[in-house]
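All remarks here apply to the structure that follows.
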Amino acid sequence: MFQLWGKICKGNRMLKETVYTEEGPDTRTHKVMKGLEEICYRLDLEKPIWLESNIQEFQRRARTRFTKDSFIESIGFDYLEIQVLEEDME
């Protein structure tokens with residue numbers, strides 16, 4: 001099973017959160033992309049742009065934060081963070 005946690009934060013407070021779960025045989029990259037799309041849909045957000053810093057941080061730590069620089073529209077929060085909670089070990 002693959003689980004991706006998404007949360008919107010402002011200051012030191014979490015405003016909203018959701019967990020995406022996937023059980024298919026897809027690649028990790030496809031699961032992350034589908035998960036991010038579903039998280040954004042559930043939280044009523046546009047999909048953020050992956051900057052090089054996001055890619056590097058996600059590869060190292062299995063988590064990243066999307067700040068205002070990753071969104072085209074203005075946002076009413078400080079960041080959207082995604083983090084892998086559980087990953088298939090196949």
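Letters A, B, ... mark the chains of the structure tokens in the order given; residue numbers begin at 1 per chain; ligand numbers begin at 1, in order shown.
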
Exercise for the section: Would you return as a PyMOL selection string the members of chain A that DSSP assigns to helix (DSSP H, G or I) on this structure's backbone? Expected result: chain A and resi 28-42+52-61+68-70

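Every protein or nucleic acid residue with an atom no more than 12 Å from A:Lys34, counting only C-alpha atoms and leaving out same-chain residues fewer than 5 positions away, appears here: Phe2, Gln3, Leu4, Tyr20, Thr21, Glu22, Gly24, Asp26, Thr27, Arg28, Thr29, Ile39, Cys40, Tyr41 and Lys47 of chain A.
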
Fill in the blank from the handout: From atom CA of A:Glu23 to atom CA of A:Phe71 the spacing works out at 28.9 Å

Completion exercise
What separates atom CA of A:Glu73 and atom CA of A:Leu85 is a distance of 28.2 Å

Exercise for the section: Select, from A:Pro25, A:Lys7, A:Leu45, A:Thr18, the residue with the minimum atom-to-atom distance to A:Arg63, counting only C-alpha atoms. Expected result: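 When distances to A:Arg63 are compared using only C-alpha atoms, the smallest one comes from A:Lys7.
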
Practice task
Excluding A:Arg61 and any residue of its chain fewer than 5 positions from it, enumerate the residues within 10 Å of it, using only C-alpha atoms, and give them as a PyMOL selection string.
Solution key: chain A and resi 56+83-84
